[in-house]
Amino acid sequence: PGGSPSSRRVAPAMVAQRLCDLLLCFPSAAMGGVQWRTLERRYEVSFGSRPDAASLGMASPLAAATTLLWDVLRLVDSEDTDNPVVAVEDAVAMAPRPGFIGTWPSLYETLCAIVLSHGTPEPHASSSSSSAPPPLLPS
């Protein structure tokens, strides 16, 4: 039947795959995480509906996150059950997935491309002029 885009029924497996793919579009998914509400808004922009926990048969957004993203999830902060902070497990973040900047290989590739296209090469000092190693960047 018809209905508004928000009332269309999407299989939970499809919602889970979409959420996973969207989460991997955030560089912070590999580090500090992404707030659930941010992920929900991005889902709505991309697919025209929100992954509403109640319509998926779950008690809270925290329950939805842990159920739908169980195979990739690293729960960063679960104190606010309506807006948990979610990230991907280290094994997921380390796996190459071209186009998904939430993985370290893609993030590294993107940063290298930025540096190569916008950076300025520094001249290399000859090895006879100095035996000191190059300076380290402060952390």
# chains A, B, ... in the order shown; residues from 1 in each chain; ligands from 1
>>> residues_around(residues="range 9-12 of chain A", least_positions_apart="2", cutoff="8 Å", atoms="only C-alpha atoms", output="short mmCIF file (atom, residue, chain, number, x, y, z; two decimals) with C-alpha atoms, in the first residue's frame")
data_model
loop_
_atom_site.label_atom_id
_atom_site.label_comp_id
_atom_site.auth_asym_id
_atom_site.auth_seq_id
_atom_site.Cartn_x
_atom_site.Cartn_y
_atom_site.Cartn_z
CA SER A 7 5.62 4.84 6.78
CA MET A 14 18.17 -3.70 4.66
CA VAL A 15 18.04 -1.02 7.38
CA ALA A 16 21.04 -2.68 9.05
CA LEU A 56 11.49 -1.88 13.98
CA LEU A 68 21.07 -3.67 13.74
#
>>> select_by_dssp(residues="chain A", states="alpha helix (DSSP H)", output="ChimeraX atom specification")
/A:12-23,36-47,61-68,90-94,104-118
>>> residues_around(residues="Phe47 in chain A", least_positions_apart="2", cutoff="10 Å", atoms="only C-alpha atoms", output="ChimeraX atom specification")
/A:5-6,15,18,41-45,49-51
>>> residues_around(residues="Gly32 in chain A", least_positions_apart="3", cutoff="10 Å", atoms="only C-alpha atoms", output="list in words")
Pro27, Ser28, Ala29, Gln35, Arg74, Leu75, Val76, Asp77, Val85, Val86, Ala87 and Val88 of chain A
>>> atom_distance(atom1="CA of Pro98 in chain A", atom2="CA of Cys25 in chain A")
10.6 Å
>>> atom_distance(atom1="CA of Trp104 in chain A", atom2="CA of Glu79 in chain A")
27.0 Å
>>> select_by_dssp(residues="range 5-123 of chain A", states="strand (DSSP E)", output="ChimeraX atom specification")
/A:34-35,73-77,85-88
>>> closest_residue(among="A:Leu22, A:Leu73, A:Leu39, A:Met94", to="Leu107 in chain A", atoms="only C-alpha atoms")
A:Met94
>>> atom_distance(atom1="CA of Asp90 in chain A", atom2="CA of Ala30 in chain A")
7.2 Å
>>> residues_around(residues="Asn83 in chain A", least_positions_apart="2", cutoff="6 Å", atoms="only C-alpha atoms", output="number ranges by chain")
A: 36-37, 80-81
>>> write_last_selection(atoms="all heavy atoms", output="tab-separated table (two decimals), in the first residue's frame")
chain	number	residue	atom	x	y	z
A	36	TRP	N	23.94	8.60	17.45
A	36	TRP	CA	22.87	7.90	16.76
A	36	TRP	C	21.97	8.87	16.00
A	36	TRP	O	21.57	8.61	14.88
A	36	TRP	CB	22.06	7.07	17.76
A	36	TRP	CG	20.96	6.31	17.11
A	36	TRP	CD1	19.62	6.63	17.11
A	36	TRP	CD2	21.07	5.12	16.32
A	36	TRP	NE1	18.91	5.70	16.39
A	36	TRP	CE2	19.78	4.77	15.90
A	36	TRP	CE3	22.14	4.32	15.94
A	36	TRP	CZ2	19.52	3.65	15.12
A	36	TRP	CZ3	21.88	3.19	15.18
A	36	TRP	CH2	20.60	2.86	14.77
A	37	ARG	N	21.65	10.00	16.62
A	37	ARG	CA	20.75	10.97	15.95
A	37	ARG	C	21.37	11.50	14.66
A	37	ARG	O	20.66	11.75	13.69
A	37	ARG	CB	20.40	12.12	16.89
A	37	ARG	CG	19.44	11.68	17.98
A	37	ARG	CD	18.98	12.84	18.83
A	37	ARG	NE	18.16	12.35	19.93
A	37	ARG	CZ	18.29	12.76	21.18
A	37	ARG	NH1	19.19	13.68	21.50
A	37	ARG	NH2	17.53	12.26	22.12
A	80	ASP	N	23.19	7.68	27.20
A	80	ASP	CA	21.93	8.22	26.68
A	80	ASP	C	21.34	7.18	25.74
A	80	ASP	O	21.76	7.04	24.60
A	80	ASP	CB	22.20	9.54	25.94
A	80	ASP	CG	20.92	10.19	25.42
A	80	ASP	OD1	19.83	9.58	25.53
A	80	ASP	OD2	21.01	11.32	24.90
A	81	THR	N	20.35	6.44	26.22
A	81	THR	CA	19.79	5.35	25.41
A	81	THR	C	19.04	5.86	24.18
A	81	THR	O	18.80	5.09	23.26
A	81	THR	CB	18.85	4.46	26.25
A	81	THR	OG1	17.77	5.26	26.75
A	81	THR	CG2	19.60	3.79	27.39
